[in-house]
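coords_33.pdb follows (PDB, C-alpha atoms):
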```
ATOM      1  CA  MET A   1       0.000   0.000   0.000
ATOM      2  CA  ARG A   2       2.759   2.417   0.998
ATOM      3  CA  ARG A   3       4.629   1.475  -2.173
ATOM      4  CA  ILE A   4       1.688   2.527  -4.325
ATOM      5  CA  LEU A   5       1.513   5.894  -2.561
ATOM      6  CA  LEU A   6       5.083   6.557  -3.683
ATOM      7  CA  PHE A   7       3.865   6.626  -7.279
ATOM      8  CA  VAL A   8       1.349   9.399  -6.656
ATOM      9  CA  PRO A   9       3.798  12.264  -7.405
ATOM     10  CA  LEU A  10       4.813  10.557 -10.658
ATOM     11  CA  LEU A  11       1.170  10.209 -11.687
ATOM     12  CA  ILE A  12       0.511  13.867 -10.858
ATOM     13  CA  PHE A  13       3.552  14.826 -12.898
ATOM     14  CA  ILE A  14       2.389  12.789 -15.899
ATOM     15  CA  GLY A  15      -1.086  14.308 -15.691
ATOM     16  CA  LEU A  16       0.287  17.834 -15.451
ATOM     17  CA  GLY A  17       2.729  17.136 -18.266
ATOM     18  CA  TYR A  18      -0.088  15.946 -20.502
ATOM     19  CA  PHE A  19      -2.122  19.116 -20.004
ATOM     20  CA  LEU A  20       0.872  21.408 -20.495
ATOM     21  CA  TRP A  21       1.897  19.511 -23.622
ATOM     22  CA  ARG A  22      -1.624  19.798 -24.996
ATOM     23  CA  GLY A  23      -1.609  23.502 -24.178
ATOM     24  CA  LEU A  24       1.303  23.986 -26.548
ATOM     25  CA  SER A  25      -0.847  23.161 -29.559
ATOM     26  CA  ILE A  26      -3.892  25.235 -28.537
ATOM     27  CA  ASP A  27      -4.281  28.599 -30.248
ATOM     28  CA  PRO A  28      -5.313  31.079 -27.543
ATOM     29  CA  THR A  29      -6.522  33.622 -30.106
ATOM     30  CA  GLU A  30      -9.205  31.242 -31.320
ATOM     31  CA  LEU A  31     -12.277  32.047 -29.289
ATOM     32  CA  PRO A  32     -15.467  30.060 -29.380
ATOM     33  CA  SER A  33     -18.230  32.261 -30.764
ATOM     34  CA  ALA A  34     -20.795  33.177 -28.154
ATOM     35  CA  ARG A  35     -23.260  33.594 -31.007
ATOM     36  CA  LEU A  36     -23.153  30.017 -32.272
ATOM     37  CA  ASN A  37     -26.594  28.513 -32.991
ATOM     38  CA  GLN A  38     -28.248  31.852 -32.377
ATOM     39  CA  PRO A  39     -30.149  33.921 -34.907
ATOM     40  CA  PHE A  40     -28.182  36.579 -36.733
ATOM     41  CA  PRO A  41     -28.363  39.835 -34.723
ATOM     42  CA  GLN A  42     -30.920  42.357 -35.903
ATOM     43  CA  PHE A  43     -29.680  45.299 -37.882
ATOM     44  CA  GLN A  44     -30.878  48.059 -40.187
ATOM     45  CA  LEU A  45     -28.002  49.317 -42.236
ATOM     46  CA  ALA A  46     -27.436  50.751 -45.676
ATOM     47  CA  SER A  47     -26.149  48.707 -48.574
ATOM     48  CA  LEU A  48     -22.609  49.586 -49.564
ATOM     49  CA  THR A  49     -23.271  49.334 -53.285
ATOM     50  CA  GLU A  50     -26.661  51.087 -53.219
ATOM     51  CA  PRO A  51     -26.579  53.411 -50.191
ATOM     52  CA  GLU A  52     -30.228  54.436 -50.562
ATOM     53  CA  ARG A  53     -31.307  50.825 -49.895
ATOM     54  CA  THR A  54     -31.632  49.571 -46.301
ATOM     55  CA  LEU A  55     -30.697  45.996 -45.491
ATOM     56  CA  THR A  56     -31.867  43.981 -42.484
ATOM     57  CA  GLU A  57     -31.120  40.522 -41.137
ATOM     58  CA  ALA A  58     -34.139  39.259 -43.174
ATOM     59  CA  ASP A  59     -32.154  39.935 -46.362
ATOM     60  CA  LEU A  60     -29.626  37.241 -45.347
ATOM     61  CA  LYS A  61     -32.213  34.480 -45.071
ATOM     62  CA  GLY A  62     -33.332  32.062 -47.759
ATOM     63  CA  ARG A  63     -30.465  29.631 -48.152
ATOM     64  CA  PRO A  64     -27.259  28.610 -46.395
ATOM     65  CA  ALA A  65     -24.667  31.300 -47.005
ATOM     66  CA  LEU A  66     -21.357  32.722 -45.896
ATOM     67  CA  VAL A  67     -21.167  36.071 -44.154
ATOM     68  CA  ASN A  68     -17.772  37.658 -44.555
ATOM     69  CA  ILE A  69     -16.589  40.591 -42.443
ATOM     70  CA  TRP A  70     -14.065  42.642 -44.377
ATOM     71  CA  ALA A  71     -12.499  46.074 -44.704
ATOM     72  CA  THR A  72     -10.051  47.791 -47.016
ATOM     73  CA  TRP A  73      -7.663  48.492 -44.105
ATOM     74  CA  CYS A  74      -7.275  44.781 -43.456
ATOM     75  CA  PRO A  75      -4.430  43.110 -45.367
ATOM     76  CA  THR A  76      -5.688  39.575 -44.738
ATOM     77  CA  CYS A  77      -8.993  40.538 -46.371
ATOM     78  CA  LYS A  78      -7.103  41.319 -49.530
ATOM     79  CA  GLU A  79      -5.393  37.952 -49.289
ATOM     80  CA  GLU A  80      -8.658  36.024 -49.152
ATOM     81  CA  HIS A  81     -10.548  38.180 -51.647
ATOM     82  CA  ALA A  82      -9.478  36.217 -54.722
ATOM     83  CA  PHE A  83     -10.553  32.993 -53.045
ATOM     84  CA  LEU A  84     -13.959  34.473 -52.231
ATOM     85  CA  ASN A  85     -14.323  35.513 -55.869
ATOM     86  CA  GLY A  86     -13.688  31.904 -56.826
ATOM     87  CA  LEU A  87     -16.325  30.660 -54.381
ATOM     88  CA  ALA A  88     -18.875  33.133 -55.712
ATOM     89  CA  GLN A  89     -18.183  31.814 -59.190
ATOM     90  CA  GLN A  90     -18.924  28.301 -57.956
ATOM     91  CA  GLY A  91     -22.328  29.578 -56.912
ATOM     92  CA  VAL A  92     -21.757  30.017 -53.166
ATOM     93  CA  THR A  93     -23.845  32.813 -51.690
ATOM     94  CA  ILE A  94     -21.597  35.236 -49.818
ATOM     95  CA  TYR A  95     -22.836  38.260 -47.937
ATOM     96  CA  GLY A  96     -20.319  40.917 -47.051
ATOM     97  CA  ILE A  97     -20.207  43.153 -44.023
ATOM     98  CA  ASN A  98     -17.991  46.119 -44.670
ATOM     99  CA  TYR A  99     -16.632  46.709 -41.184
ATOM    100  CA  LYS A 100     -15.504  50.146 -39.958
ATOM    101  CA  ASP A 101     -14.403  51.253 -43.357
ATOM    102  CA  GLU A 102     -14.696  54.220 -45.675
ATOM    103  CA  PRO A 103     -17.526  53.525 -48.151
ATOM    104  CA  LEU A 104     -15.739  55.295 -51.017
ATOM    105  CA  LYS A 105     -12.611  53.190 -50.614
ATOM    106  CA  ALA A 106     -14.680  50.056 -50.172
ATOM    107  CA  ARG A 107     -16.659  50.639 -53.368
ATOM    108  CA  GLU A 108     -13.416  51.359 -55.209
ATOM    109  CA  TRP A 109     -11.968  48.073 -53.873
ATOM    110  CA  LEU A 110     -14.946  46.050 -55.102
ATOM    111  CA  LYS A 111     -14.630  47.649 -58.503
ATOM    112  CA  ARG A 112     -10.941  46.881 -58.706
ATOM    113  CA  TYR A 113     -10.862  43.354 -57.255
ATOM    114  CA  ARG A 114     -14.374  42.230 -58.333
ATOM    115  CA  ASP A 115     -17.354  41.812 -56.069
ATOM    116  CA  PRO A 116     -18.050  38.279 -54.772
ATOM    117  CA  TYR A 117     -20.872  39.456 -52.488
ATOM    118  CA  THR A 118     -24.599  39.032 -53.065
ATOM    119  CA  GLU A 119     -25.158  41.971 -50.722
ATOM    120  CA  VAL A 120     -22.750  44.153 -48.814
ATOM    121  CA  VAL A 121     -23.914  45.649 -45.530
ATOM    122  CA  LEU A 122     -22.273  48.927 -44.602
ATOM    123  CA  ASP A 123     -21.315  48.767 -40.925
ATOM    124  CA  GLN A 124     -19.391  51.982 -40.688
ATOM    125  CA  ASP A 125     -19.273  52.419 -36.907
ATOM    126  CA  GLY A 126     -18.870  48.707 -36.184
ATOM    127  CA  ALA A 127     -22.145  48.360 -34.253
ATOM    128  CA  LEU A 128     -23.168  45.191 -36.099
ATOM    129  CA  GLY A 129     -19.636  43.915 -35.602
ATOM    130  CA  ILE A 130     -20.004  44.305 -31.842
ATOM    131  CA  ASP A 131     -23.405  42.582 -31.922
ATOM    132  CA  LEU A 132     -21.798  39.673 -33.776
ATOM    133  CA  GLY A 133     -18.840  39.543 -31.426
ATOM    134  CA  VAL A 134     -16.343  40.424 -34.144
ATOM    135  CA  TYR A 135     -12.934  41.316 -32.785
ATOM    136  CA  GLY A 136     -10.928  41.640 -35.953
ATOM    137  CA  ALA A 137     -11.411  41.335 -39.683
ATOM    138  CA  PRO A 138     -11.626  39.084 -41.550
ATOM    139  CA  GLU A 139     -14.149  36.754 -39.998
ATOM    140  CA  THR A 140     -16.438  34.426 -41.868
ATOM    141  CA  TYR A 141     -19.677  32.926 -40.592
ATOM    142  CA  VAL A 142     -21.840  30.162 -41.988
ATOM    143  CA  ILE A 143     -25.556  30.877 -41.595
ATOM    144  CA  ASP A 144     -28.411  28.559 -42.454
ATOM    145  CA  ALA A 145     -31.537  29.350 -44.474
ATOM    146  CA  GLN A 146     -33.249  30.751 -41.378
ATOM    147  CA  GLY A 147     -30.342  33.073 -40.689
ATOM    148  CA  VAL A 148     -29.036  31.117 -37.684
ATOM    149  CA  ILE A 149     -25.268  31.260 -37.169
ATOM    150  CA  ARG A 150     -23.796  27.764 -37.510
ATOM    151  CA  TYR A 151     -20.070  28.271 -37.737
ATOM    152  CA  ARG A 152     -17.482  30.960 -37.286
ATOM    153  CA  HIS A 153     -14.020  31.233 -38.702
ATOM    154  CA  VAL A 154     -11.574  33.949 -37.666
ATOM    155  CA  GLY A 155      -8.906  34.760 -40.239
ATOM    156  CA  ALA A 156      -8.536  34.329 -43.976
ATOM    157  CA  VAL A 157     -10.583  31.794 -45.906
ATOM    158  CA  ASP A 158      -8.395  29.525 -48.016
ATOM    159  CA  ALA A 159      -8.826  26.080 -49.562
ATOM    160  CA  LYS A 160      -8.262  24.314 -46.244
ATOM    161  CA  VAL A 161     -10.729  26.478 -44.328
ATOM    162  CA  TRP A 162     -13.233  26.232 -47.152
ATOM    163  CA  LYS A 163     -13.238  22.444 -46.827
ATOM    164  CA  GLN A 164     -14.467  22.881 -43.267
ATOM    165  CA  LEU A 165     -16.995  25.586 -44.180
ATOM    166  CA  LYS A 166     -18.284  23.525 -47.092
ATOM    167  CA  GLN A 167     -18.832  20.556 -44.832
ATOM    168  CA  VAL A 168     -20.994  22.675 -42.529
ATOM    169  CA  MET A 169     -22.907  24.131 -45.485
ATOM    170  CA  ASP A 170     -23.491  20.720 -47.064
ATOM    171  CA  GLN A 171     -24.845  19.437 -43.785
ATOM    172  CA  LEU A 172     -27.224  22.388 -43.639
ATOM    173  CA  ALA A 173     -28.345  21.812 -47.223
ATOM    174  CA  THR A 174     -29.129  18.116 -46.689
ATOM    175  CA  GLY A 175     -30.551  18.753 -43.222
ATOM    176  CA  GLY A 176     -32.842  21.417 -44.641
ATOM    177  CA  ALA A 177     -34.073  19.160 -47.471
ATOM    178  CA  SER A 178     -35.036  16.165 -45.341
TER     179      SER A 178
ATOM    180  CA  MET B   1      12.244  79.988 -47.987
ATOM    181  CA  LYS B   2      13.446  79.227 -44.530
ATOM    182  CA  SER B   3      10.230  80.281 -42.865
ATOM    183  CA  TRP B   4       8.288  78.197 -45.370
ATOM    184  CA  LEU B   5      10.317  75.146 -44.458
ATOM    185  CA  HIS B   6       9.862  75.998 -40.818
ATOM    186  CA  SER B   7       6.089  76.131 -41.034
ATOM    187  CA  LEU B   8       6.048  72.890 -43.005
ATOM    188  CA  LEU B   9       8.058  71.169 -40.298
ATOM    189  CA  LEU B  10       5.867  72.630 -37.603
ATOM    190  CA  GLY B  11       2.751  71.529 -39.460
ATOM    191  CA  GLY B  12       4.175  68.030 -39.794
ATOM    192  CA  LEU B  13       4.925  67.895 -36.107
ATOM    193  CA  LEU B  14       1.441  69.068 -35.250
ATOM    194  CA  ALA B  15      -0.099  66.469 -37.529
ATOM    195  CA  LEU B  16       2.056  63.803 -35.906
ATOM    196  CA  GLY B  17       0.991  65.038 -32.496
ATOM    197  CA  SER B  18      -2.669  64.756 -33.374
ATOM    198  CA  VAL B  19      -2.153  61.232 -34.685
ATOM    199  CA  THR B  20      -0.567  60.070 -31.447
ATOM    200  CA  ALA B  21      -3.277  61.875 -29.490
ATOM    201  CA  GLN B  22      -5.865  59.825 -31.392
ATOM    202  CA  ALA B  23      -4.036  56.619 -30.727
ATOM    203  CA  THR B  24      -4.042  57.133 -26.973
ATOM    204  CA  ILE B  25      -7.069  56.406 -24.915
ATOM    205  CA  GLU B  26      -9.914  58.857 -25.307
ATOM    206  CA  ALA B  27     -11.353  60.790 -22.384
ATOM    207  CA  TYR B  28     -14.979  60.407 -21.425
ATOM    208  CA  GLU B  29     -16.912  62.863 -19.338
ATOM    209  CA  PHE B  30     -19.346  61.669 -16.756
ATOM    210  CA  ASP B  31     -22.263  63.304 -15.013
ATOM    211  CA  ASP B  32     -21.199  62.075 -11.610
ATOM    212  CA  LYS B  33     -18.280  60.505  -9.831
ATOM    213  CA  ALA B  34     -20.047  57.218  -9.157
ATOM    214  CA  THR B  35     -20.650  56.502 -12.854
ATOM    215  CA  GLU B  36     -17.053  57.326 -13.624
ATOM    216  CA  GLU B  37     -15.874  54.855 -11.017
ATOM    217  CA  ARG B  38     -18.195  52.166 -12.386
ATOM    218  CA  PHE B  39     -16.841  52.848 -15.874
ATOM    219  CA  GLN B  40     -13.286  52.470 -14.593
ATOM    220  CA  GLN B  41     -14.072  49.256 -12.784
ATOM    221  CA  LEU B  42     -15.995  47.707 -15.681
ATOM    222  CA  THR B  43     -13.377  48.524 -18.292
ATOM    223  CA  GLU B  44     -10.692  47.130 -16.006
ATOM    224  CA  GLU B  45     -12.550  43.856 -15.538
ATOM    225  CA  LEU B  46     -13.432  43.331 -19.187
ATOM    226  CA  ARG B  47     -10.824  41.660 -21.300
ATOM    227  CA  CYS B  48      -9.998  42.877 -24.778
ATOM    228  CA  PRO B  49     -10.903  40.062 -27.212
ATOM    229  CA  LYS B  50      -8.187  41.013 -29.674
ATOM    230  CA  CYS B  51      -5.234  41.741 -27.404
ATOM    231  CA  GLN B  52      -5.869  39.068 -24.896
ATOM    232  CA  ASN B  53      -3.626  40.089 -22.046
ATOM    233  CA  ASN B  54      -5.035  43.587 -21.802
ATOM    234  CA  ASN B  55      -8.252  44.777 -20.323
ATOM    235  CA  ILE B  56     -10.260  47.175 -22.442
ATOM    236  CA  ALA B  57      -9.249  50.111 -20.235
ATOM    237  CA  ASP B  58      -5.555  49.685 -21.054
ATOM    238  CA  SER B  59      -5.681  48.559 -24.651
ATOM    239  CA  ASN B  60      -5.610  50.994 -27.549
ATOM    240  CA  SER B  61      -6.750  48.491 -30.156
ATOM    241  CA  PRO B  62      -9.770  49.656 -32.195
ATOM    242  CA  ILE B  63     -12.040  46.973 -30.766
ATOM    243  CA  ALA B  64     -11.172  47.955 -27.177
ATOM    244  CA  SER B  65     -11.935  51.570 -27.993
ATOM    245  CA  ASP B  66     -15.295  50.530 -29.498
ATOM    246  CA  LEU B  67     -16.118  48.494 -26.428
ATOM    247  CA  ARG B  68     -15.209  51.393 -24.120
ATOM    248  CA  ARG B  69     -17.534  53.586 -26.144
ATOM    249  CA  GLU B  70     -20.237  50.949 -25.787
ATOM    250  CA  VAL B  71     -19.757  50.711 -22.004
ATOM    251  CA  TYR B  72     -19.887  54.509 -21.782
ATOM    252  CA  ARG B  73     -23.055  54.648 -23.861
ATOM    253  CA  MET B  74     -24.758  51.975 -21.771
ATOM    254  CA  LEU B  75     -23.819  53.558 -18.449
ATOM    255  CA  ASN B  76     -25.107  56.922 -19.642
ATOM    256  CA  GLN B  77     -28.385  55.267 -20.537
ATOM    257  CA  GLY B  78     -28.626  54.030 -16.977
ATOM    258  CA  ALA B  79     -27.636  50.392 -17.488
ATOM    259  CA  SER B  80     -26.586  48.423 -14.424
ATOM    260  CA  ASP B  81     -23.177  46.731 -14.164
ATOM    261  CA  ASP B  82     -24.826  43.350 -14.711
ATOM    262  CA  GLU B  83     -26.487  44.563 -17.885
ATOM    263  CA  VAL B  84     -23.168  45.764 -19.280
ATOM    264  CA  ILE B  85     -21.517  42.458 -18.396
ATOM    265  CA  ASP B  86     -24.389  40.466 -19.917
ATOM    266  CA  PHE B  87     -24.112  42.559 -23.074
ATOM    267  CA  MET B  88     -20.426  41.666 -23.418
ATOM    268  CA  VAL B  89     -20.844  37.994 -22.539
ATOM    269  CA  THR B  90     -23.640  37.382 -25.061
ATOM    270  CA  ARG B  91     -21.385  38.795 -27.765
ATOM    271  CA  TYR B  92     -17.889  37.689 -26.820
ATOM    272  CA  GLY B  93     -18.490  34.849 -24.374
ATOM    273  CA  GLU B  94     -17.415  34.257 -20.773
ATOM    274  CA  PHE B  95     -13.893  34.720 -22.014
ATOM    275  CA  VAL B  96     -14.075  38.524 -21.711
ATOM    276  CA  LEU B  97     -14.584  38.422 -17.962
ATOM    277  CA  TYR B  98     -11.401  38.811 -15.977
ATOM    278  CA  ARG B  99     -13.483  37.969 -12.935
ATOM    279  CA  PRO B 100     -15.455  34.893 -13.995
ATOM    280  CA  ARG B 101     -19.000  34.552 -12.759
ATOM    281  CA  VAL B 102     -19.823  31.853 -10.243
ATOM    282  CA  THR B 103     -21.597  29.165 -12.259
ATOM    283  CA  GLU B 104     -21.526  25.371 -12.226
ATOM    284  CA  MET B 105     -18.730  25.518 -14.773
ATOM    285  CA  THR B 106     -16.551  27.811 -12.671
ATOM    286  CA  TRP B 107     -17.155  26.159  -9.301
ATOM    287  CA  ILE B 108     -13.855  24.330  -9.486
ATOM    288  CA  LEU B 109     -12.151  27.639 -10.225
ATOM    289  CA  TRP B 110     -13.747  29.499  -7.341
ATOM    290  CA  TYR B 111     -13.920  26.752  -4.721
ATOM    291  CA  GLY B 112     -11.148  24.391  -5.881
ATOM    292  CA  PRO B 113      -8.405  26.184  -3.918
ATOM    293  CA  PHE B 114     -10.474  26.003  -0.705
ATOM    294  CA  VAL B 115     -11.092  22.302  -1.262
ATOM    295  CA  LEU B 116      -7.344  21.750  -1.748
ATOM    296  CA  LEU B 117      -6.629  23.813   1.366
ATOM    297  CA  GLY B 118      -9.113  21.642   3.255
ATOM    298  CA  ILE B 119      -7.445  18.448   2.047
ATOM    299  CA  GLY B 120      -4.066  19.833   3.094
ATOM    300  CA  ALA B 121      -5.327  20.814   6.542
ATOM    301  CA  LEU B 122      -6.907  17.382   6.974
ATOM    302  CA  ALA B 123      -3.646  15.671   6.033
ATOM    303  CA  VAL B 124      -1.662  17.776   8.520
ATOM    304  CA  LEU B 125      -4.229  17.039  11.212
ATOM    305  CA  LEU B 126      -4.165  13.275  10.585
ATOM    306  CA  ILE B 127      -0.379  13.092  10.534
ATOM    307  CA  SER B 128       0.038  15.126  13.688
ATOM    308  CA  ARG B 129      -2.616  13.058  15.461
ATOM    309  CA  ARG B 130      -0.934   9.814  14.478
ATOM    310  CA  ARG B 131       2.389  11.140  15.705
ATOM    311  CA  ARG B 132       0.878  12.229  18.989
ATOM    312  CA  GLN B 133      -0.675   8.787  19.489
ATOM    313  CA  SER B 134       2.626   7.054  18.936
ATOM    314  CA  THR B 135       4.396   9.415  21.350
ATOM    315  CA  ALA B 136       1.633   8.825  23.906
ATOM    316  CA  GLU B 137       2.340   5.099  23.836
ATOM    317  CA  GLY B 138       5.922   6.032  24.503
ATOM    318  CA  PRO B 139       8.823   5.370  22.190
ATOM    319  CA  LYS B 140      10.305   1.895  22.480
ATOM    320  CA  VAL B 141      13.722   2.019  24.084
ATOM    321  CA  GLY B 142      16.148  -0.896  23.957
ATOM    322  CA  LEU B 143      15.441  -4.483  22.907
ATOM    323  CA  ASP B 144      13.250  -7.128  24.396
ATOM    324  CA  ALA B 145      14.497 -10.668  25.113
ATOM    325  CA  ALA B 146      13.617 -12.190  21.714
ATOM    326  CA  GLU B 147      15.302  -9.352  19.855
ATOM    327  CA  ARG B 148      18.413  -9.570  21.964
ATOM    328  CA  GLU B 149      18.582 -13.278  21.231
ATOM    329  CA  ARG B 150      18.328 -12.650  17.477
ATOM    330  CA  LEU B 151      20.961  -9.897  17.608
ATOM    331  CA  ASN B 152      23.383 -12.205  19.349
ATOM    332  CA  GLN B 153      22.797 -14.859  16.736
ATOM    333  CA  LEU B 154      23.568 -12.449  13.957
ATOM    334  CA  LEU B 155      26.713 -11.229  15.664
ATOM    335  CA  GLU B 156      27.848 -14.845  16.142
ATOM    336  CA  GLN B 157      27.325 -15.497  12.419
ATOM    337  CA  ASP B 158      29.528 -12.529  11.543
ATOM    338  CA  LYS B 159      32.292 -13.667  13.829
ATOM    339  CA  LYS B 160      32.352 -17.100  12.260
ATOM    340  CA  ARG B 161      32.964 -15.688   8.801
TER     341      ARG B 161
END
```
Mind turning the file's structure into structure tokens?
Amino acid sequence: MRRILLFVPLLIFIGLGYFLWRGLSIDPTELPSARLNQPFPQFQLASLTEPERTLTEADLKGRPALVNIWATWCPTCKEEHAFLNGLAQQGVTIYGINYKDEPLKAREWLKRYRDPYTEVVLDQDGALGIDLGVYGAPETYVIDAQGVIRYRHVGAVDAKVWKQLKQVMDQLATGGAS
Amino acid sequence: MKSWLHSLLLGGLLALGSVTAQATIEAYEFDDKATEERFQQLTEELRCPKCQNNNIADSNSPIASDLRREVYRMLNQGASDDEVIDFMVTRYGEFVLYRPRVTEMTWILWYGPFVLLGIGALAVLLISRRRRQSTAEGPKVGLDAAERERLNQLLEQDKKR
């Protein structure tokens, strides 16, 4: 019995070591979204491309889609823009939220780099961003046909990330059909 | 020519000054001292989601500045501290609280140390009691007859070798 007790410190050490080792591979900047599986926050904001038109959360409903938060001041947004263009060409619905940006610059950007977005919401003071829990552009959300947030990705969308997003969207598509 | 250059330099310096002034943390004015203190306390206890080892009072990242503005707006509208904290948690998650709320999930965090302290105290108590019991019986001094016999045997064996 006493002998077994001698092994307790070793066991504690192994347990501690396991957690610390696991901690090495965890990215602390990746936060779980508090908005997951909740309806898209309500908003009433102008469209970037047609400023006289008001968009609301109802405009994002209808089918599973991506919602991409972007801005011209964000270098990573530029990086992922070409990829988003490609997705739009494949027929993926992408809504844009132009986050804390200058509308003139943003419109210029869409003209120059092509516009992958079905609609672009103009969130100039970042209020919608705060409601979504955005803490840095770019962020990309997957929403279902009812406008419920199903997935969140922080950072650029590339082929690897898209695989994950597509999986979520496919699940929504088949889940919605049955 | 020289004065022209001078004014250009001065203008540049002024522009630079205004840029740094913008980058530092903005000042908010409050109706009363109590609200100001609540603002200070709230912004010190809310963590900046972008720059994770800062609270939103100390960080000059754009998101921290937005969140300060939001806290200010809510306090001016008469929101309670709990309402402000709920507002942040529904958007950014429990993560933004530097002082986690007491829920089933955080029980181990809040009460774990006391439980460990209790276990430690119990261990000390048990050990000291056991020691006292053994001293009460009195330490054994010397050898009894059987032991002396065995010792002699052993010593004999050694001599023979």
Considering all atoms listed in the file, tabulate each residue of chain A that lies at most 10 Å from chain B along with its nearest interatomic pair and the corresponding distance in Å to one decimal; arrange the rows by chain and ascending residue number and present them as JSON lines.
```
{"residue": "A:Pro28", "atom": "CA", "partner": "B:Gln52", "partner_atom": "CA", "distance": 8.4}
{"residue": "A:Thr29", "atom": "CA", "partner": "B:Gln52", "partner_atom": "CA", "distance": 7.6}
{"residue": "A:Glu30", "atom": "CA", "partner": "B:Pro49", "partner_atom": "CA", "distance": 9.9}
{"residue": "A:Leu31", "atom": "CA", "partner": "B:Phe95", "partner_atom": "CA", "distance": 7.9}
{"residue": "A:Pro32", "atom": "CA", "partner": "B:Gly93", "partner_atom": "CA", "distance": 7.6}
{"residue": "A:Ser33", "atom": "CA", "partner": "B:Tyr92", "partner_atom": "CA", "distance": 6.7}
{"residue": "A:Ala34", "atom": "CA", "partner": "B:Gly93", "partner_atom": "CA", "distance": 4.7}
{"residue": "A:Arg35", "atom": "CA", "partner": "B:Arg91", "partner_atom": "CA", "distance": 6.4}
{"residue": "A:Pro41", "atom": "CA", "partner": "B:Arg91", "partner_atom": "CA", "distance": 9.9}
{"residue": "A:Lys100", "atom": "CA", "partner": "B:Pro62", "partner_atom": "CA", "distance": 9.7}
{"residue": "A:Asp125", "atom": "CA", "partner": "B:Asp66", "partner_atom": "CA", "distance": 8.6}
{"residue": "A:Gly126", "atom": "CA", "partner": "B:Asp66", "partner_atom": "CA", "distance": 7.8}
{"residue": "A:Ala127", "atom": "CA", "partner": "B:Asp66", "partner_atom": "CA", "distance": 8.6}
{"residue": "A:Gly129", "atom": "CA", "partner": "B:Ile63", "partner_atom": "CA", "distance": 9.5}
{"residue": "A:Ile130", "atom": "CA", "partner": "B:Arg91", "partner_atom": "CA", "distance": 7.0}
{"residue": "A:Asp131", "atom": "CA", "partner": "B:Arg91", "partner_atom": "CA", "distance": 6.0}
{"residue": "A:Leu132", "atom": "CA", "partner": "B:Arg91", "partner_atom": "CA", "distance": 6.1}
{"residue": "A:Gly133", "atom": "CA", "partner": "B:Arg91", "partner_atom": "CA", "distance": 4.5}
{"residue": "A:Val134", "atom": "CA", "partner": "B:Tyr92", "partner_atom": "CA", "distance": 8.0}
{"residue": "A:Tyr135", "atom": "CA", "partner": "B:Lys50", "partner_atom": "CA", "distance": 5.7}
{"residue": "A:Gly136", "atom": "CA", "partner": "B:Lys50", "partner_atom": "CA", "distance": 6.9}
```
Could you write out that same residue set with C-alpha atoms as an mmCIF file, in the coordinates of the input?
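Everything below was put into out.cif:
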```
data_model
loop_
_atom_site.group_PDB
_atom_site.id
_atom_site.type_symbol
_atom_site.label_atom_id
_atom_site.label_comp_id
_atom_site.auth_asym_id
_atom_site.auth_seq_id
_atom_site.Cartn_x
_atom_site.Cartn_y
_atom_site.Cartn_z
ATOM 1 C CA PRO A 28 -5.313 31.079 -27.543
ATOM 2 C CA THR A 29 -6.522 33.622 -30.106
ATOM 3 C CA GLU A 30 -9.205 31.242 -31.320
ATOM 4 C CA LEU A 31 -12.277 32.047 -29.289
ATOM 5 C CA PRO A 32 -15.467 30.060 -29.380
ATOM 6 C CA SER A 33 -18.230 32.261 -30.764
ATOM 7 C CA ALA A 34 -20.795 33.177 -28.154
ATOM 8 C CA ARG A 35 -23.260 33.594 -31.007
ATOM 9 C CA PRO A 41 -28.363 39.835 -34.723
ATOM 10 C CA LYS A 100 -15.504 50.146 -39.958
ATOM 11 C CA ASP A 125 -19.273 52.419 -36.907
ATOM 12 C CA GLY A 126 -18.870 48.707 -36.184
ATOM 13 C CA ALA A 127 -22.145 48.360 -34.253
ATOM 14 C CA GLY A 129 -19.636 43.915 -35.602
ATOM 15 C CA ILE A 130 -20.004 44.305 -31.842
ATOM 16 C CA ASP A 131 -23.405 42.582 -31.922
ATOM 17 C CA LEU A 132 -21.798 39.673 -33.776
ATOM 18 C CA GLY A 133 -18.840 39.543 -31.426
ATOM 19 C CA VAL A 134 -16.343 40.424 -34.144
ATOM 20 C CA TYR A 135 -12.934 41.316 -32.785
ATOM 21 C CA GLY A 136 -10.928 41.640 -35.953
#
```
Could you tell me, as a PyMOL selection string, which residues have any atom at most 12 Å from (-5.6, 42.4, -52.8), counting all atoms listed in the file?
chain A and resi 70-85+109-114
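Here CA of Arg47 in chain B and CA of Arg99 in chain B stand 9.5 Å from one another.
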Applying the PyMOL selection byres ((chain B and resi 85) around 10) to the file I just gave you, which residues come out? Please list them as an MDAnalysis selection string.
chainID B and resid 42 45:46 71 80:84 86:90 94 96:97
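Of the residues listed (A:Ala173, A:Ile94, A:Ile143, A:Leu87), A:Ile143 shows the shortest atom-to-atom separation from Lys61 in chain A; distances use all atoms listed in the file.
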Measure the distance from CA of Gln146 in chain A to CA of Leu172 in chain A in Å and round it to one decimal.
10.6 Å
Shortest contact to Ala88 in chain A, candidates A:Glu139, A:Glu119, A:Glu50, A:Glu57, atoms counted all atoms listed in the file, goes to A:Glu119
Quick one: distance from CA of Ile12 in chain A to CA of Ile119 in chain B in Å, one decimal?
15.8 Å
Nearest to Leu104 in chain A: which of A:Leu66, A:Met1, A:Val120, A:Leu48 is it, counting only C-alpha atoms?
A:Leu48
Residue members of the PyMOL selection byres ((chain B and resi 57) around 6) in the file shown, as a PyMOL selection string:
chain B and resi 43-44+55-56+58-59
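Residue nearest Ala106 in chain A within the list A:Ile14, A:Leu60, A:Leu122, A:Val92: A:Leu122 [criterion: smallest interatomic distance, all atoms listed in the file].
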